[in-house]
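The next block is data-v4.txt, given as compact mmCIF, C-alpha atoms.
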```
# COMPACT_ATOMS: atom_id res chain seq x y z
CA MET A 15 76.28 -34.27 -22.67
CA ILE A 16 73.02 -32.44 -22.05
CA LEU A 17 74.23 -29.12 -23.47
CA ASP A 18 74.82 -30.85 -26.81
CA ASP A 19 71.05 -31.35 -27.08
CA PHE A 20 70.58 -27.58 -27.22
CA ASN A 21 73.05 -27.17 -30.10
CA LEU A 22 71.37 -26.15 -33.37
CA LYS A 23 74.45 -26.27 -35.57
CA GLY A 24 73.48 -27.26 -39.12
CA LYS A 25 69.77 -26.58 -38.54
CA VAL A 26 67.64 -24.28 -40.71
CA ALA A 27 64.93 -22.17 -39.10
CA ILE A 28 62.18 -20.01 -40.57
CA VAL A 29 61.25 -17.11 -38.27
CA THR A 30 58.31 -14.90 -39.23
CA GLY A 31 58.16 -11.29 -38.12
CA ALA A 32 61.95 -11.23 -37.86
CA SER A 33 62.61 -7.54 -38.50
CA THR A 34 62.20 -6.38 -34.91
CA GLY A 35 60.91 -7.21 -31.44
CA LEU A 36 60.25 -10.77 -30.33
CA GLY A 37 60.86 -12.29 -33.77
CA GLN A 38 64.22 -10.61 -34.11
CA GLY A 39 65.18 -11.63 -30.58
CA MET A 40 64.27 -15.26 -31.19
CA ALA A 41 66.08 -15.28 -34.55
CA TYR A 42 69.20 -14.04 -32.76
CA GLY A 43 68.88 -16.74 -30.12
CA LEU A 44 68.49 -19.52 -32.69
CA ALA A 45 71.46 -18.20 -34.66
CA GLU A 46 73.61 -18.00 -31.53
CA ALA A 47 72.72 -21.67 -30.93
CA GLY A 48 74.00 -22.50 -34.43
CA ALA A 49 71.03 -22.30 -36.81
CA ASP A 50 70.90 -20.59 -40.18
CA ILE A 51 67.88 -18.31 -40.42
CA VAL A 52 65.19 -17.61 -43.00
CA GLY A 53 63.60 -14.34 -41.87
CA VAL A 54 60.13 -13.42 -43.13
CA ASP A 55 58.57 -9.98 -42.79
CA TYR A 56 56.70 -7.34 -44.82
CA VAL A 57 59.67 -4.97 -44.48
CA GLU A 58 63.39 -5.33 -45.07
CA MET A 59 65.39 -7.02 -42.31
CA ASP A 60 68.79 -5.40 -42.75
CA GLU A 61 69.54 -5.14 -39.02
CA THR A 62 68.58 -8.76 -38.42
CA LYS A 63 70.64 -9.94 -41.39
CA LYS A 64 73.72 -7.99 -40.28
CA HIS A 65 73.66 -9.35 -36.75
CA ILE A 66 73.05 -12.96 -37.74
CA GLU A 67 75.80 -12.91 -40.33
CA SER A 68 78.14 -11.36 -37.75
CA LEU A 69 77.62 -14.55 -35.75
CA GLY A 70 78.89 -16.61 -38.66
CA ARG A 71 75.44 -17.87 -39.57
CA LYS A 72 73.66 -17.56 -42.93
CA PHE A 73 70.55 -15.43 -43.40
CA LEU A 74 67.91 -15.42 -46.12
CA GLY A 75 65.44 -12.54 -45.98
CA LEU A 76 62.03 -13.00 -47.59
CA LYS A 77 59.83 -9.92 -47.90
CA GLU A 78 56.30 -11.31 -47.79
CA ASN A 79 52.89 -10.19 -46.55
CA LEU A 80 51.45 -12.80 -44.19
CA MET A 81 48.01 -11.20 -44.03
CA SER A 82 47.04 -13.96 -46.47
CA ILE A 83 48.27 -17.51 -46.99
CA GLU A 84 49.30 -16.80 -50.60
CA PRO A 85 53.07 -16.77 -49.85
CA VAL A 86 53.06 -19.79 -47.53
CA ASN A 87 54.29 -22.47 -49.95
CA ARG A 88 56.71 -20.03 -51.56
CA ILE A 89 58.35 -19.35 -48.19
CA VAL A 90 59.01 -23.03 -47.48
CA GLU A 91 60.15 -23.67 -51.05
CA SER A 92 62.59 -20.73 -50.91
CA ALA A 93 64.05 -21.97 -47.64
CA VAL A 94 64.59 -25.46 -49.04
CA LYS A 95 65.95 -24.16 -52.34
CA THR A 96 68.54 -22.05 -50.52
CA PHE A 97 69.52 -24.35 -47.67
CA GLY A 98 68.47 -27.78 -48.92
CA LYS A 99 66.14 -28.55 -46.02
CA LEU A 100 64.01 -27.15 -43.20
CA ASP A 101 64.23 -28.11 -39.51
CA ILE A 102 62.45 -25.41 -37.49
CA LEU A 103 59.50 -23.05 -37.96
CA VAL A 104 58.83 -20.17 -35.57
CA ASN A 105 55.39 -18.60 -36.14
CA ASN A 106 55.87 -15.18 -34.61
CA ALA A 107 54.29 -12.68 -37.04
CA GLY A 108 51.10 -11.13 -35.74
CA ILE A 109 49.12 -7.95 -35.20
CA ILE A 110 46.83 -6.50 -32.55
CA ARG A 111 43.86 -4.16 -32.96
CA ARG A 112 42.44 -2.31 -29.94
CA GLU A 113 38.82 -1.18 -29.67
CA ASP A 114 35.90 -1.73 -27.30
CA ALA A 115 34.13 -4.99 -28.14
CA ILE A 116 30.86 -3.10 -28.64
CA ASN A 117 32.42 -1.11 -31.49
CA PHE A 118 34.80 -3.69 -32.96
CA SER A 119 34.81 -3.89 -36.77
CA GLU A 120 34.70 -6.88 -39.03
CA LYS A 121 37.90 -5.74 -40.77
CA ASP A 122 39.83 -5.56 -37.49
CA TRP A 123 38.50 -9.02 -36.67
CA ASP A 124 39.41 -10.56 -40.03
CA ASP A 125 42.84 -8.94 -40.35
CA THR A 126 43.93 -10.15 -36.92
CA MET A 127 42.52 -13.65 -37.30
CA ASN A 128 44.06 -14.04 -40.75
CA ILE A 129 47.65 -13.36 -39.79
CA ASN A 130 47.63 -14.55 -36.18
CA VAL A 131 45.96 -17.92 -36.55
CA LYS A 132 45.09 -18.74 -40.19
CA THR A 133 48.56 -18.07 -41.58
CA THR A 134 50.11 -19.71 -38.51
CA PHE A 135 48.20 -22.91 -39.23
CA PHE A 136 48.82 -23.06 -42.97
CA LEU A 137 52.51 -22.21 -42.67
CA SER A 138 52.78 -24.95 -40.04
CA GLN A 139 51.03 -27.32 -42.45
CA ALA A 140 53.48 -26.45 -45.23
CA ALA A 141 56.44 -26.95 -42.90
CA ALA A 142 55.05 -30.28 -41.68
CA LYS A 143 54.67 -31.49 -45.26
CA GLN A 144 58.34 -30.66 -45.82
CA PHE A 145 59.34 -32.45 -42.61
CA LEU A 146 57.41 -35.52 -43.74
CA LYS A 147 59.03 -35.36 -47.17
CA GLN A 148 62.46 -35.21 -45.56
CA GLY A 149 61.60 -37.98 -43.08
CA SER A 150 63.54 -36.02 -40.49
CA GLY A 151 60.94 -34.75 -38.07
CA GLY A 152 60.99 -31.08 -37.14
CA LYS A 153 60.09 -28.38 -34.66
CA ILE A 154 57.19 -25.93 -34.86
CA VAL A 155 57.07 -23.14 -32.29
CA SER A 156 54.19 -20.66 -32.37
CA VAL A 157 53.82 -17.45 -30.40
CA ALA A 158 50.68 -17.45 -28.29
CA SER A 159 49.95 -14.89 -25.56
CA LEU A 160 48.80 -14.44 -21.99
CA LEU A 161 45.44 -13.90 -23.68
CA SER A 162 45.51 -17.54 -24.70
CA PHE A 163 44.69 -18.03 -21.00
CA GLN A 164 42.76 -14.85 -20.21
CA GLY A 165 40.12 -12.66 -21.81
CA GLY A 166 41.82 -9.31 -21.86
CA ILE A 167 40.05 -6.04 -22.63
CA ARG A 168 39.53 -4.12 -25.90
CA VAL A 169 41.27 -6.81 -28.00
CA PRO A 170 38.54 -9.30 -29.00
CA SER A 171 40.13 -10.60 -32.21
CA TYR A 172 43.60 -10.81 -30.62
CA THR A 173 42.19 -12.83 -27.71
CA ALA A 174 40.34 -15.13 -30.08
CA SER A 175 43.36 -15.59 -32.34
CA LYS A 176 45.82 -16.31 -29.54
CA SER A 177 43.39 -18.75 -27.93
CA GLY A 178 43.29 -20.33 -31.37
CA VAL A 179 47.07 -20.57 -31.52
CA MET A 180 47.13 -22.56 -28.29
CA GLY A 181 44.32 -24.77 -29.56
CA ILE A 182 45.86 -25.60 -32.94
CA THR A 183 49.21 -26.19 -31.27
CA ARG A 184 47.56 -29.00 -29.32
CA LEU A 185 45.76 -30.27 -32.42
CA MET A 186 48.93 -30.37 -34.52
CA ALA A 187 50.81 -32.12 -31.73
CA ASN A 188 48.08 -34.75 -31.49
CA GLU A 189 48.39 -35.55 -35.20
CA TRP A 190 52.08 -35.02 -35.89
CA ALA A 191 53.96 -36.12 -32.77
CA LYS A 192 54.07 -39.67 -34.15
CA HIS A 193 56.13 -38.28 -37.06
CA ASN A 194 58.68 -36.71 -34.66
CA ILE A 195 57.27 -33.26 -35.33
CA ASN A 196 57.12 -31.32 -32.08
CA CYS A 197 54.50 -28.56 -31.96
CA ASN A 198 54.61 -26.19 -28.99
CA ALA A 199 53.98 -22.53 -28.24
CA ILE A 200 55.38 -19.68 -26.20
CA ALA A 201 53.06 -17.25 -24.41
CA PRO A 202 55.01 -14.03 -23.84
CA GLY A 203 53.95 -11.76 -21.03
CA TYR A 204 54.08 -7.99 -21.22
CA MET A 205 57.13 -7.37 -23.39
CA ALA A 206 58.75 -4.08 -24.39
CA THR A 207 57.92 -4.22 -28.11
CA ASN A 208 56.12 -2.13 -30.73
CA ASN A 209 52.82 -3.85 -29.89
CA THR A 210 52.93 -2.67 -26.28
CA ALA A 211 54.19 0.85 -26.94
CA PRO A 212 50.73 2.42 -26.34
CA LEU A 213 50.44 0.61 -23.00
CA ARG A 214 53.91 1.63 -21.85
CA ALA A 215 53.20 5.23 -22.86
CA ASP A 216 50.11 5.29 -20.62
CA ALA A 217 51.59 5.87 -17.15
CA GLU A 218 48.50 4.69 -15.28
CA ARG A 219 48.04 1.53 -17.36
CA SER A 220 51.76 0.72 -17.27
CA LYS A 221 51.83 1.01 -13.47
CA ALA A 222 48.80 -1.25 -13.15
CA ILE A 223 50.52 -3.87 -15.30
CA LEU A 224 53.84 -3.67 -13.47
CA ASP A 225 52.10 -3.86 -10.10
CA ARG A 226 50.73 -7.29 -11.04
CA ILE A 227 53.99 -8.74 -12.43
CA PRO A 228 55.93 -10.42 -9.60
CA ALA A 229 59.20 -9.74 -11.44
CA GLY A 230 58.28 -6.04 -11.39
CA LYS A 231 59.41 -5.22 -14.92
CA TRP A 232 58.48 -5.45 -18.60
CA GLY A 233 60.01 -8.39 -20.45
CA ASP A 234 62.62 -8.12 -23.16
CA PRO A 235 62.88 -10.04 -26.45
CA LYS A 236 66.01 -11.70 -25.04
CA ASP A 237 63.81 -13.35 -22.43
CA LEU A 238 62.37 -15.63 -25.12
CA GLN A 239 65.72 -16.82 -26.47
CA GLY A 240 66.30 -19.66 -24.02
CA VAL A 241 62.77 -20.97 -24.40
CA VAL A 242 62.76 -20.90 -28.21
CA VAL A 243 66.14 -22.63 -28.39
CA PHE A 244 64.85 -25.30 -26.01
CA LEU A 245 61.68 -25.89 -28.05
CA ALA A 246 63.64 -25.88 -31.33
CA SER A 247 66.25 -28.34 -30.10
CA ALA A 248 66.59 -32.02 -29.27
CA ALA A 249 66.31 -31.08 -25.59
CA SER A 250 62.51 -30.84 -26.05
CA ASN A 251 61.98 -34.04 -28.03
CA TYR A 252 59.31 -35.29 -25.60
CA VAL A 253 57.52 -31.96 -25.20
CA ASN A 254 54.38 -31.92 -27.33
CA GLY A 255 51.39 -29.59 -27.53
CA TYR A 256 52.40 -27.37 -24.64
CA THR A 257 52.27 -23.58 -24.26
CA ILE A 258 55.01 -22.14 -22.05
CA ALA A 259 54.34 -18.77 -20.45
CA VAL A 260 57.29 -16.37 -20.22
CA ASP A 261 55.61 -13.67 -18.19
CA GLY A 262 57.59 -12.70 -15.10
CA GLY A 263 55.00 -14.56 -13.00
CA TRP A 264 51.88 -12.75 -14.29
CA LEU A 265 49.74 -15.89 -14.53
CA ALA A 266 50.85 -17.06 -11.10
CA ARG A 267 49.50 -13.91 -9.45
```
Could you show the structure in this file as structure tokens?
Amino acid sequence: MILDDFNLKGKVAIVTGASTGLGQGMAYGLAEAGADIVGVDYVEMDETKKHIESLGRKFLGLKENLMSIEPVNRIVESAVKTFGKLDILVNNAGIIRREDAINFSEKDWDDTMNINVKTTFFLSQAAAKQFLKQGSGGKIVSVASLLSFQGGIRVPSYTASKSGVMGITRLMANEWAKHNINCNAIAPGYMATNNTAPLRADAERSKAILDRIPAGKWGDPKDLQGVVVFLASAASNYVNGYTIAVDGGWLAR
């Protein structure tokens, strides 16, 4: 039956940036579908842990700073040591820095590029090596952005990094699909998260955004749950290198 293909029972998923927002929402969705979760963040994830365990799933919290690739191998090794294997990686952790392009600093460029695209690639590489070792295939889902498709304003490094996420998703799919490793991405639209708090607090800017969204509302982390479960499950076994927008119709406007 088709619904069986969406079942993640017995699967192990790493989700970065799992303490709040989109990462937390996707971790909940994967757990509800049956997966045990390895959450990674630079802060404690008590709320995430409590909810996932209330679902009858197991949770391993790893407090790591993904601004560098130093913890990458340790994260995968910890997941395998605890659960015996790895099936799914969700690259969600990221930051945004806002400033006019004319004044943008090298630090704001480097910090954003490091966590948003460099760590995403090397954590994907580490996961893929584990998938190859297991001989089991696997699923890699990265979080891109509407700015993977558009230029945006006042976020040069974020635009560059999220364009990079879409690009390396295609590259990884080209090389790893033959090993039954599916690499895809999700491009969230304007979601009600910490990253968008300044935009939502600006009444004029918020109205301009909402006026363009056909759905007429900000998205919610729950809106990503169905898509991430699909991309993490057997239901997407022939989907490779694609970036799915979850944006209330923004890109269609």
Exercise: range 103-109 of chain A partners within 9 Å, only C-alpha atoms, chain neighbours under 6 positions left out, as a PyMOL selection string: chain A and resi 26-32+36-37+40-41+54-55+80-81+125-127+129-131+133-135+137-138+141+152-158+172+199+209+242+246
Distance criterion (all atoms listed in the file): nearest to Asn79 in chain A out of A:Ala266, A:Val57, A:Ala93, A:Ile223: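 Of the candidates, the smallest distance to Asn79 in chain A is held by A:Val57.
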Straight-line distance linking CA of Leu100 in chain A with CA of Ala49 in chain A, stated in Å to one decimal: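 Taking CA of Leu100 in chain A as the start and CA of Ala49 in chain A as the end point, the length is 10.7 Å.
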Given all atoms listed in the file as the counted atoms, nearest of A:Val94, A:Leu265, A:Leu146, A:Met15 to Ser162 in chain A: A:Leu265
Atom-to-atom span, CA of Ala249 in chain A and CA of Lys23 in chain A, Å: 13.7 Å
Separation of CA of Leu213 in chain A from CA of Tyr256 in chain A in Å: 28.1 Å
A:Gly48, A:Gly151, A:Gly165, A:Pro235 ranked by distance to Asp19 in chain A, top pick (using all atoms listed in the file): A:Gly48
Could you list, as a short mmCIF file (atom, residue, chain, number, x, y, z; two decimals) with C-alpha atoms, in the frame of the given file, every residue within 10 Å of Trp264 in chain A, counting all atoms listed in the file and ignoring same-chain residues fewer than 4 positions away?
```cif
data_model
loop_
_atom_site.label_atom_id
_atom_site.label_comp_id
_atom_site.auth_asym_id
_atom_site.auth_seq_id
_atom_site.Cartn_x
_atom_site.Cartn_y
_atom_site.Cartn_z
CA LEU A 160 48.80 -14.44 -21.99
CA GLY A 203 53.95 -11.76 -21.03
CA TYR A 204 54.08 -7.99 -21.22
CA ILE A 223 50.52 -3.87 -15.30
CA LEU A 224 53.84 -3.67 -13.47
CA ASP A 225 52.10 -3.86 -10.10
CA ARG A 226 50.73 -7.29 -11.04
CA ILE A 227 53.99 -8.74 -12.43
CA PRO A 228 55.93 -10.42 -9.60
CA ALA A 229 59.20 -9.74 -11.44
CA GLY A 230 58.28 -6.04 -11.39
CA ALA A 259 54.34 -18.77 -20.45
CA VAL A 260 57.29 -16.37 -20.22
#
```
Residues within 12 Å of Asn194 in chain A, only C-alpha atoms, excluding chain neighbours under 4 positions, as a VMD selection string: chain A and resid 101 142 145 to 146 148 to 154 186 to 190 248 250 to 254
From A:Glu218, A:Asp114, A:Asp122, A:Glu84, residue lying nearest Gly166 in chain A [all atoms listed in the file]: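 With all atoms listed in the file as the atom set, the closest residue is A:Asp114.
When all atoms listed in the file are used to measure the gap to Gly263 in chain A, the shortest distance among A:Ile83, A:Gly240, A:Leu245, A:Ala201 belongs to A:Ala201.
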Long-range neighbours of Leu22 in chain A as a PyMOL selection string, 7 Å cut-off, all atoms listed in the file, 2 positions minimum in chain: chain A and resi 20+24-25+47-49+247
Counting all atoms listed in the file, the residue of A:Ser68, A:Ile116, A:Phe73, A:Thr34 that sits nearest Gly53 in chain A: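 For Gly53 in chain A, the nearest of the candidates is A:Phe73.
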Pick out the residues sitting within 7 Å of Gly39 in chain A, and hand them over as a PDB file with C-alpha atoms, in the coordinates of the input; count all atoms listed in the file, and ignore anything fewer than 3 positions along from it in its own chain.
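The file below, around.pdb, is the result:
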```pdb
ATOM      1  CA  GLY A  35      60.910  -7.210 -31.440  1.00  0.00           C
ATOM      2  CA  LEU A  36      60.250 -10.770 -30.330  1.00  0.00           C
ATOM      3  CA  TYR A  42      69.200 -14.040 -32.760  1.00  0.00           C
ATOM      4  CA  GLY A  43      68.880 -16.740 -30.120  1.00  0.00           C
ATOM      5  CA  PRO A 235      62.880 -10.040 -26.450  1.00  0.00           C
ATOM      6  CA  LYS A 236      66.010 -11.700 -25.040  1.00  0.00           C
ATOM      7  CA  GLN A 239      65.720 -16.820 -26.470  1.00  0.00           C
TER       8      GLN A 239
END
```
